[in-house]
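With TSV, C-alpha atoms inside, this is target.tsv:
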```tsv
chain	number	residue	atom	x	y	z
A	1113	MET	CA	1.64	10.38	1.32
A	1114	LEU	CA	-1.80	11.94	0.86
A	1115	GLU	CA	-0.70	15.56	0.48
A	1116	ASN	CA	-2.07	17.15	-2.73
A	1117	ILE	CA	-3.87	13.94	-3.67
A	1118	ASP	CA	-7.39	14.11	-5.10
A	1119	GLY	CA	-7.65	10.63	-6.62
A	1120	ILE	CA	-6.64	7.18	-5.41
A	1121	ILE	CA	-6.36	4.30	-7.89
A	1122	PHE	CA	-5.99	0.68	-6.88
A	1123	ASP	CA	-4.75	-2.28	-8.82
A	1124	MET	CA	-7.08	-5.12	-7.86
A	1125	ASP	CA	-5.39	-8.53	-7.52
A	1126	GLY	CA	-2.77	-8.61	-4.79
A	1127	THR	CA	-3.30	-4.94	-4.00
A	1128	LEU	CA	-6.96	-4.40	-3.14
A	1129	LEU	CA	-7.86	-8.09	-2.91
A	1130	ASP	CA	-6.02	-11.10	-1.56
A	1131	SER	CA	-6.46	-13.01	-4.80
A	1132	MET	CA	-3.11	-13.53	-6.54
A	1133	TRP	CA	-3.01	-17.12	-5.28
A	1134	ILE	CA	-5.83	-17.99	-7.68
A	1135	TRP	CA	-3.84	-17.67	-10.89
A	1136	PRO	CA	-0.90	-20.02	-10.29
A	1137	SER	CA	-3.39	-22.74	-9.37
A	1138	ILE	CA	-5.42	-22.09	-12.53
A	1139	ASP	CA	-2.27	-21.99	-14.66
A	1140	ASP	CA	-1.10	-25.30	-13.19
A	1141	ASP	CA	-4.49	-26.95	-13.74
A	1142	TYR	CA	-4.62	-25.65	-17.31
A	1143	LEU	CA	-1.08	-26.76	-18.13
A	1144	ARG	CA	-1.73	-30.17	-16.60
A	1145	LYS	CA	-4.93	-30.58	-18.61
A	1146	TYR	CA	-3.07	-30.02	-21.89
A	1147	ASP	CA	0.15	-31.80	-20.81
A	1148	LEU	CA	2.26	-28.64	-21.06
A	1149	GLU	CA	5.57	-27.94	-19.31
A	1150	LYS	CA	5.94	-24.57	-17.60
A	1151	PRO	CA	9.15	-22.80	-18.73
A	1152	GLU	CA	11.43	-20.94	-16.35
A	1153	GLY	CA	10.30	-17.42	-15.49
A	1154	PHE	CA	6.79	-18.19	-16.75
A	1155	HIS	CA	4.78	-16.18	-14.22
A	1156	GLU	CA	7.22	-13.29	-14.16
A	1157	ALA	CA	6.95	-12.92	-17.94
A	1158	MET	CA	3.18	-12.40	-17.70
A	1159	GLU	CA	3.34	-9.75	-14.99
A	1160	GLY	CA	1.17	-6.74	-15.77
A	1161	MET	CA	-0.26	-8.13	-19.02
A	1162	SER	CA	-3.94	-7.69	-19.71
A	1163	TYR	CA	-6.20	-10.76	-19.67
A	1164	ALA	CA	-6.12	-10.99	-23.47
A	1165	GLU	CA	-2.36	-10.43	-23.60
A	1166	VAL	CA	-1.81	-13.32	-21.18
A	1167	ALA	CA	-3.97	-15.59	-23.34
A	1168	GLN	CA	-1.90	-14.63	-26.39
A	1169	PHE	CA	1.27	-15.25	-24.39
A	1170	PHE	CA	0.07	-18.80	-23.69
A	1171	LEU	CA	-0.61	-19.40	-27.39
A	1172	ASP	CA	2.80	-18.00	-28.36
A	1173	THR	CA	4.58	-20.02	-25.66
A	1174	PHE	CA	2.73	-23.25	-26.42
A	1175	PRO	CA	2.17	-23.41	-30.20
A	1176	GLN	CA	0.75	-26.93	-29.78
A	1177	LEU	CA	-2.42	-25.42	-28.34
A	1178	SER	CA	-5.16	-25.43	-30.96
A	1179	GLN	CA	-7.56	-23.04	-29.20
A	1180	SER	CA	-8.23	-19.48	-30.25
A	1181	ARG	CA	-7.34	-16.66	-27.89
A	1182	GLN	CA	-11.02	-16.20	-27.03
A	1183	GLU	CA	-11.42	-19.89	-26.28
A	1184	VAL	CA	-8.45	-19.77	-23.88
A	1185	MET	CA	-9.92	-16.75	-22.11
A	1186	ASP	CA	-13.35	-18.36	-21.89
A	1187	GLU	CA	-11.90	-21.51	-20.36
A	1188	TRP	CA	-9.98	-19.52	-17.73
A	1189	LEU	CA	-13.13	-17.56	-16.97
A	1190	VAL	CA	-15.01	-20.74	-16.15
A	1191	MET	CA	-12.12	-21.95	-13.97
A	1192	ALA	CA	-11.79	-18.67	-12.07
A	1193	ARG	CA	-15.32	-17.34	-11.58
A	1194	GLU	CA	-16.32	-19.49	-8.63
A	1195	LYS	CA	-13.10	-18.60	-6.82
A	1196	TYR	CA	-13.65	-14.88	-7.36
A	1197	ARG	CA	-17.24	-15.19	-6.20
A	1198	THR	CA	-16.55	-17.18	-3.05
A	1199	GLN	CA	-12.88	-17.22	-2.02
A	1200	VAL	CA	-11.41	-13.70	-2.21
A	1201	ALA	CA	-11.25	-11.08	0.54
A	1202	MET	CA	-10.14	-7.47	0.74
A	1203	LYS	CA	-6.66	-6.71	1.96
A	1204	GLU	CA	-6.27	-5.89	5.64
A	1205	GLY	CA	-7.47	-2.34	6.34
A	1206	ALA	CA	-8.42	-1.59	2.72
A	1207	HIS	CA	-12.16	-1.12	3.28
A	1208	ALA	CA	-11.73	1.31	6.18
A	1209	PHE	CA	-9.05	3.25	4.28
A	1210	ILE	CA	-11.28	3.65	1.22
A	1211	CYS	CA	-14.24	4.78	3.32
A	1212	GLU	CA	-12.05	7.37	5.04
A	1213	MET	CA	-10.73	8.65	1.71
A	1214	ARG	CA	-14.27	8.93	0.32
A	1215	SER	CA	-15.33	10.87	3.41
A	1216	GLN	CA	-12.55	13.34	2.59
A	1217	GLY	CA	-13.93	13.82	-0.91
A	1218	LYS	CA	-11.25	11.92	-2.81
A	1219	LYS	CA	-12.16	10.05	-6.00
A	1220	ILE	CA	-11.51	6.30	-5.88
A	1221	GLY	CA	-10.79	4.06	-8.87
A	1222	ILE	CA	-9.64	0.60	-9.90
A	1223	ALA	CA	-7.18	-0.06	-12.74
A	1224	THR	CA	-6.80	-3.82	-13.14
A	1225	SER	CA	-5.18	-6.21	-15.59
A	1226	ASN	CA	-7.90	-8.76	-14.89
A	1227	ALA	CA	-10.96	-9.52	-17.01
A	1228	ARG	CA	-14.01	-7.28	-16.65
A	1229	GLU	CA	-16.20	-10.28	-15.76
A	1230	LEU	CA	-13.97	-11.43	-12.90
A	1231	THR	CA	-13.55	-7.89	-11.63
A	1232	GLU	CA	-17.31	-7.44	-11.45
A	1233	ASP	CA	-17.74	-10.87	-9.85
A	1234	ALA	CA	-15.36	-9.96	-7.03
A	1235	LEU	CA	-16.80	-6.49	-6.43
A	1236	GLU	CA	-20.34	-7.87	-6.40
A	1237	ALA	CA	-19.48	-10.78	-4.09
A	1238	LEU	CA	-17.80	-8.44	-1.60
A	1239	LYS	CA	-20.53	-5.81	-2.02
A	1240	ILE	CA	-17.98	-3.05	-2.55
A	1241	GLY	CA	-18.72	-1.87	-6.10
A	1242	GLY	CA	-20.32	1.30	-4.78
A	1243	LEU	CA	-17.04	2.41	-3.20
A	1244	PHE	CA	-15.47	3.14	-6.59
A	1245	ASP	CA	-16.09	6.04	-8.94
A	1246	VAL	CA	-14.39	4.36	-11.90
A	1247	VAL	CA	-13.43	0.73	-12.61
A	1248	ARG	CA	-11.41	-0.02	-15.75
A	1249	THR	CA	-9.37	-2.94	-17.09
A	1250	ALA	CA	-6.14	-2.91	-19.08
A	1251	GLY	CA	-8.01	-4.69	-21.87
A	1252	GLU	CA	-10.43	-1.78	-22.11
A	1253	ALA	CA	-7.50	0.66	-22.13
A	1254	GLY	CA	-5.84	-1.24	-24.98
A	1255	ALA	CA	-2.53	-2.09	-23.30
A	1256	GLY	CA	-1.31	-3.99	-20.28
A	1257	LYS	CA	1.04	-2.68	-17.64
A	1258	PRO	CA	3.76	-1.24	-17.56
A	1259	ALA	CA	2.04	0.92	-20.19
A	1260	PRO	CA	0.27	3.76	-18.36
A	1261	ASP	CA	-2.92	3.55	-20.43
A	1262	VAL	CA	-5.28	2.06	-17.85
A	1263	TYR	CA	-4.15	4.45	-15.11
A	1264	LEU	CA	-4.53	7.44	-17.40
A	1265	MET	CA	-7.98	6.21	-18.45
A	1266	VAL	CA	-9.14	5.94	-14.84
A	1267	ALA	CA	-7.70	9.33	-13.90
A	1268	GLY	CA	-9.35	10.92	-16.94
A	1269	GLU	CA	-12.74	9.48	-16.09
A	1270	MET	CA	-12.36	10.57	-12.46
A	1271	GLU	CA	-11.43	14.04	-13.78
A	1272	VAL	CA	-8.28	14.11	-11.68
A	1273	SER	CA	-4.91	15.10	-13.14
A	1274	PRO	CA	-2.24	12.35	-13.01
A	1275	GLU	CA	0.07	14.32	-10.71
A	1276	ARG	CA	-2.73	14.46	-8.13
A	1277	CYS	CA	-3.31	10.69	-8.18
A	1278	LEU	CA	-1.86	8.10	-5.81
A	1279	VAL	CA	-1.60	4.52	-7.09
A	1280	PHE	CA	-1.51	1.36	-4.99
A	1281	GLU	CA	0.24	-1.61	-6.65
A	1282	ASP	CA	1.70	-4.97	-5.67
A	1283	VAL	CA	4.07	-5.90	-8.52
A	1284	PRO	CA	6.91	-4.10	-10.33
A	1285	MET	CA	5.18	-3.86	-13.72
A	1286	GLY	CA	2.16	-2.26	-12.09
A	1287	ILE	CA	4.33	0.15	-10.15
A	1288	LEU	CA	6.03	1.13	-13.41
A	1289	ALA	CA	2.63	1.68	-15.04
A	1290	GLY	CA	1.68	4.16	-12.33
A	1291	LYS	CA	5.04	5.93	-12.54
A	1292	ASN	CA	4.81	6.03	-16.34
A	1293	ALA	CA	1.44	7.74	-15.92
A	1294	GLY	CA	3.10	10.48	-13.87
A	1295	MET	CA	1.51	9.40	-10.59
A	1296	ARG	CA	2.89	8.70	-7.14
A	1297	VAL	CA	2.90	4.99	-6.30
A	1298	CYS	CA	2.68	3.08	-3.05
A	1299	ALA	CA	3.81	-0.56	-3.12
A	1300	VAL	CA	1.73	-3.01	-1.09
A	1301	LYS	CA	3.09	-6.14	0.54
A	1302	ASP	CA	1.70	-9.35	-0.94
A	1303	ASP	CA	2.88	-12.92	-0.38
A	1304	PHE	CA	2.82	-13.70	-4.10
A	1305	SER	CA	5.29	-10.91	-4.93
A	1306	GLU	CA	7.40	-11.21	-1.78
A	1307	PRO	CA	10.44	-12.42	-3.82
A	1308	GLN	CA	10.26	-9.06	-5.64
A	1309	ARG	CA	10.12	-6.95	-2.49
A	1310	MET	CA	13.44	-5.15	-3.12
A	1311	ARG	CA	12.51	-4.34	-6.71
A	1312	LYS	CA	9.14	-2.98	-5.55
A	1313	ARG	CA	10.85	-0.80	-2.97
A	1314	GLU	CA	13.29	0.52	-5.59
A	1315	LEU	CA	10.49	1.57	-7.94
A	1316	ALA	CA	7.81	2.90	-5.59
A	1317	ASP	CA	7.54	6.15	-3.65
A	1318	TYR	CA	6.14	4.42	-0.57
A	1319	TYR	CA	5.82	0.91	0.83
A	1320	ILE	CA	3.18	-0.45	3.21
A	1321	GLN	CA	2.65	-3.78	4.96
A	1322	ASP	CA	-1.12	-3.20	4.94
A	1323	TYR	CA	-3.55	-0.28	4.80
A	1324	HIS	CA	-3.48	0.24	8.55
A	1325	ASP	CA	-0.02	1.75	7.98
A	1326	ILE	CA	-1.39	4.80	6.23
A	1327	PRO	CA	-3.57	6.65	8.74
A	1328	ASN	CA	-1.03	5.80	11.43
A	1329	GLU	CA	1.67	7.31	9.19
A	1330	THR	CA	3.87	4.27	9.69
A	1331	TYR	CA	4.31	3.72	5.96
A	1332	GLU	CA	7.83	3.87	4.62
A	1333	VAL	CA	8.86	6.84	2.48
A	1334	LEU	CA	11.42	5.49	0.05
A	1335	PRO	CA	14.41	7.50	-1.19
```
Please express the file's structure as structure tokens.
Amino acid sequence: MLENIDGIIFDMDGTLLDSMWIWPSIDDDYLRKYDLEKPEGFHEAMEGMSYAEVAQFFLDTFPQLSQSRQEVMDEWLVMAREKYRTQVAMKEGAHAFICEMRSQGKKIGIATSNARELTEDALEALKIGGLFDVVRTAGEAGAGKPAPDVYLMVAGEMEVSPERCLVFEDVPMGILAGKNAGMRVCAVKDDFSEPQRMRKRELADYYIQDYHDIPNETYEVLP
């Protein structure tokens, strides 16, 4: 998996951090507050979108909302910040894996669809910001996943060519973003995306249960 790899780029939620559980609860609280009915396939439709794109999706889906896109984002930020500051943890084995990769001289980055504020909250709370050479959001790149923009931005700032980057992702749209960037992609098991396991395995180059799989070489090389 790590042959000819100089840069490693992580998606954040569900990949680096055990945090995907936060958003369904926030969505449900928000919809309940405004007496809105969640349509079928609601969460799947938002997969990979940037923070701003999700807010626009809400406004398009629920035209009865009178807020601006910025007001929606600001309200979510208030709802989510305490959770990101106090209730998220790194995925099993992730910290040790990153430290080992840094000791080998590899560049380490984050390419997330989340908001910059929440990303910084989580990294600061876990005291891991110093592990990463570059941290970028899809909003800063100008397009959500599966567009490759945020992965290409991170690789460019790390000064690593895309073909020498390995991406870790937990959902199909993120996996596609890494592949569209010309990078190898390892899918990571996450409870939130467990119903999409087969799709993840179809799209990715590798699949792991957790980061302990990698140094032990027990990860699955997919056909």
Can you build me a table of segment 1212-1250 of chain A residues sitting at most 9 Å from segment 1154-1167 of chain A, with the closest atom pair per residue and its distance in Å to one decimal, using all atoms listed in the file, sorted by chain and residue number, as a tab-separated table?
```
residue	atom	partner	partner_atom	distance
A:Thr1224	CA	A:Ser1162	CA	8.1
A:Ser1225	CA	A:Ser1162	CA	4.5
A:Asn1226	CA	A:Tyr1163	CA	5.5
A:Ala1227	CA	A:Tyr1163	CA	5.6
A:Thr1249	CA	A:Ser1162	CA	7.7
A:Ala1250	CA	A:Ser1162	CA	5.3
```
Determine the nearest neighbour of Ser1273 of chain A from the options A:Arg1296, A:Pro1258, A:Arg1214, A:Gln1168, counting all atoms listed in the file.
->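 For Ser1273 of chain A, the nearest of the given residues is A:Arg1296.
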Which distance in Å separates atom CA of Phe1244 of chain A and atom CA of Ile1222 of chain A, to one decimal?
->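 Atom CA of Ile1222 of chain A lies at a distance of 7.2 Å from atom CA of Phe1244 of chain A.
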The residue from A:Pro1260, A:Gly1126, A:Gly1241, A:Pro1274 with the smallest atom-to-atom distance to Lys1203 of chain A, counting only C-alpha atoms, is A:Gly1126
Using all atoms of segment 1134-1150 of chain A that appear in the file, construct an axis-aligned enclosing box with 8 Å of padding on every side and provide its centre coordinates and edge lengths in Å, rounded to one decimal, as lines of an AutoDock Vina configuration file.
```
center_x = 0.1
center_y = -24.7
center_z = -14.8
size_x = 27.8
size_y = 30.1
size_z = 30.2
```
Taking 4 positions as the minimum chain separation for residues in the same chain, which residues sit within 10 Å of Thr1198 of chain A when counting only C-alpha atoms? Answer as a PDB file with C-alpha atoms, keeping the file's coordinate frame.
```pdb
ATOM      1  CA  ARG A1193     -15.320 -17.340 -11.580  1.00  0.00           C
ATOM      2  CA  GLU A1194     -16.320 -19.490  -8.630  1.00  0.00           C
ATOM      3  CA  ASP A1233     -17.740 -10.870  -9.850  1.00  0.00           C
ATOM      4  CA  ALA A1234     -15.360  -9.960  -7.030  1.00  0.00           C
ATOM      5  CA  ALA A1237     -19.480 -10.780  -4.090  1.00  0.00           C
ATOM      6  CA  LEU A1238     -17.800  -8.440  -1.600  1.00  0.00           C
TER       7      LEU A1238
END
```
Pick from A:Asp1123, A:Asp1139, A:Glu1275, A:Asp1302 nearest to Ala1289 of chain A, counting only C-alpha atoms =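 Looking at the shortest contact to Ala1289 of chain A, the residue is A:Asp1123.
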Suppose you want the space between atom CA of Gly1119 of chain A and atom CA of Arg1248 of chain A; what is it in Å?
->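 Value for the atom CA of Gly1119 of chain A-atom CA of Arg1248 of chain A distance: 14.5 Å.
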Can you list, as a list in words, every protein, DNA or RNA residue that comes within 12 Å of Tyr1146 of chain A when you count only C-alpha atoms, leaving out same-chain residues fewer than 3 positions away?
->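 Listing them by chain and then by number gives Asp1139, Asp1140, Asp1141, Tyr1142, Leu1143, Glu1149, Lys1150, Phe1170, Phe1174, Pro1175, Gln1176, Leu1177, Ser1178, Gln1179 and Val1184 of chain A.
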If you count all atoms listed in the file, which residues fall within 8 Å of Val1246 of chain A, apart from same-chain ones fewer than 4 positions away, as a list of chain:residue names?
-> A:Ile1220, A:Gly1221, A:Ile1222, A:Val1266, A:Glu1269, A:Met1270
From the list A:Val1283, A:Leu1128, A:Met1265, A:Ala1223, which residue is nearest Met1310 of chain A when using all atoms listed in the file?
->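 Selected residue with least distance to Met1310 of chain A: A:Val1283.
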Point out the residue among A:Val1262, A:Lys1219, A:Lys1291, A:Asp1303 with the least atom-to-atom distance to Asp1130 of chain A, counting only C-alpha atoms.
-> A:Asp1303
Atom CA of Asp1172 of chain A and atom CA of Leu1288 of chain A are how many Å apart?
-> 24.5 Å
Could I see segment 1117-1128 of chain A restored to all heavy atoms, set down as a tab-separated table (two decimals), in the coordinates of the input?
```tsv
chain	number	residue	atom	x	y	z
A	1117	ILE	N	-3.28	15.07	-2.96
A	1117	ILE	CA	-3.87	13.94	-3.67
A	1117	ILE	C	-5.39	14.09	-3.71
A	1117	ILE	O	-6.04	14.26	-2.67
A	1117	ILE	CB	-3.49	12.60	-2.98
A	1117	ILE	CG1	-2.00	12.34	-3.12
A	1117	ILE	CG2	-4.30	11.44	-3.56
A	1117	ILE	CD1	-1.51	12.13	-4.54
A	1118	ASP	N	-5.94	14.04	-4.92
A	1118	ASP	CA	-7.39	14.11	-5.10
A	1118	ASP	C	-7.99	12.79	-5.57
A	1118	ASP	O	-9.21	12.61	-5.50
A	1118	ASP	CB	-7.74	15.20	-6.13
A	1118	ASP	CG	-7.30	16.58	-5.66
A	1118	ASP	OD1	-7.43	16.87	-4.45
A	1118	ASP	OD2	-6.81	17.36	-6.51
A	1119	GLY	N	-7.15	11.91	-6.11
A	1119	GLY	CA	-7.65	10.63	-6.62
A	1119	GLY	C	-6.76	9.48	-6.20
A	1119	GLY	O	-5.53	9.61	-6.19
A	1120	ILE	N	-7.38	8.38	-5.82
A	1120	ILE	CA	-6.64	7.18	-5.41
A	1120	ILE	C	-7.07	6.04	-6.32
A	1120	ILE	O	-8.26	5.77	-6.49
A	1120	ILE	CB	-6.92	6.84	-3.94
A	1120	ILE	CG1	-6.37	7.96	-3.05
A	1120	ILE	CG2	-6.28	5.51	-3.56
A	1120	ILE	CD1	-6.70	7.80	-1.59
A	1121	ILE	N	-6.07	5.37	-6.92
A	1121	ILE	CA	-6.36	4.30	-7.89
A	1121	ILE	C	-5.69	3.02	-7.42
A	1121	ILE	O	-4.49	3.00	-7.16
A	1121	ILE	CB	-5.85	4.67	-9.30
A	1121	ILE	CG1	-6.36	6.06	-9.71
A	1121	ILE	CG2	-6.32	3.61	-10.30
A	1121	ILE	CD1	-5.83	6.51	-11.06
A	1122	PHE	N	-6.48	1.97	-7.33
A	1122	PHE	CA	-5.99	0.68	-6.88
A	1122	PHE	C	-5.88	-0.30	-8.05
A	1122	PHE	O	-6.81	-0.42	-8.86
A	1122	PHE	CB	-6.98	0.05	-5.88
A	1122	PHE	CG	-7.12	0.79	-4.59
A	1122	PHE	CD1	-8.07	1.79	-4.47
A	1122	PHE	CD2	-6.33	0.47	-3.50
A	1122	PHE	CE1	-8.23	2.48	-3.28
A	1122	PHE	CE2	-6.48	1.15	-2.29
A	1122	PHE	CZ	-7.43	2.16	-2.19
A	1123	ASP	N	-4.77	-1.00	-8.13
A	1123	ASP	CA	-4.75	-2.28	-8.82
A	1123	ASP	C	-5.66	-3.19	-8.01
A	1123	ASP	O	-5.91	-2.95	-6.83
A	1123	ASP	CB	-3.32	-2.81	-8.88
A	1123	ASP	CG	-3.25	-4.25	-9.32
A	1123	ASP	OD1	-3.70	-4.55	-10.43
A	1123	ASP	OD2	-2.77	-5.07	-8.52
A	1124	MET	N	-6.16	-4.27	-8.61
A	1124	MET	CA	-7.08	-5.12	-7.86
A	1124	MET	C	-6.39	-6.33	-7.23
A	1124	MET	O	-6.25	-6.42	-6.01
A	1124	MET	CB	-8.24	-5.59	-8.75
A	1124	MET	CG	-9.34	-6.32	-7.96
A	1124	MET	SD	-10.79	-6.78	-8.93
A	1124	MET	CE	-10.17	-8.20	-9.84
A	1125	ASP	N	-5.93	-7.27	-8.04
A	1125	ASP	CA	-5.39	-8.53	-7.52
A	1125	ASP	C	-4.06	-8.31	-6.81
A	1125	ASP	O	-3.12	-7.76	-7.38
A	1125	ASP	CB	-5.21	-9.53	-8.66
A	1125	ASP	CG	-6.54	-9.93	-9.27
A	1125	ASP	OD1	-7.29	-10.67	-8.62
A	1125	ASP	OD2	-6.85	-9.47	-10.39
A	1126	GLY	N	-3.99	-8.74	-5.55
A	1126	GLY	CA	-2.77	-8.61	-4.79
A	1126	GLY	C	-2.58	-7.26	-4.15
A	1126	GLY	O	-1.68	-7.09	-3.32
A	1127	THR	N	-3.41	-6.30	-4.52
A	1127	THR	CA	-3.30	-4.94	-4.00
A	1127	THR	C	-4.53	-4.59	-3.18
A	1127	THR	O	-4.45	-4.26	-2.00
A	1127	THR	CB	-3.15	-3.92	-5.15
A	1127	THR	OG1	-1.98	-4.22	-5.89
A	1127	THR	CG2	-3.06	-2.50	-4.62
A	1128	LEU	N	-5.69	-4.64	-3.82
A	1128	LEU	CA	-6.96	-4.40	-3.14
A	1128	LEU	C	-7.51	-5.70	-2.56
A	1128	LEU	O	-8.07	-5.72	-1.46
A	1128	LEU	CB	-7.95	-3.80	-4.13
A	1128	LEU	CG	-9.33	-3.44	-3.58
A	1128	LEU	CD1	-9.23	-2.30	-2.57
A	1128	LEU	CD2	-10.26	-3.05	-4.74
```
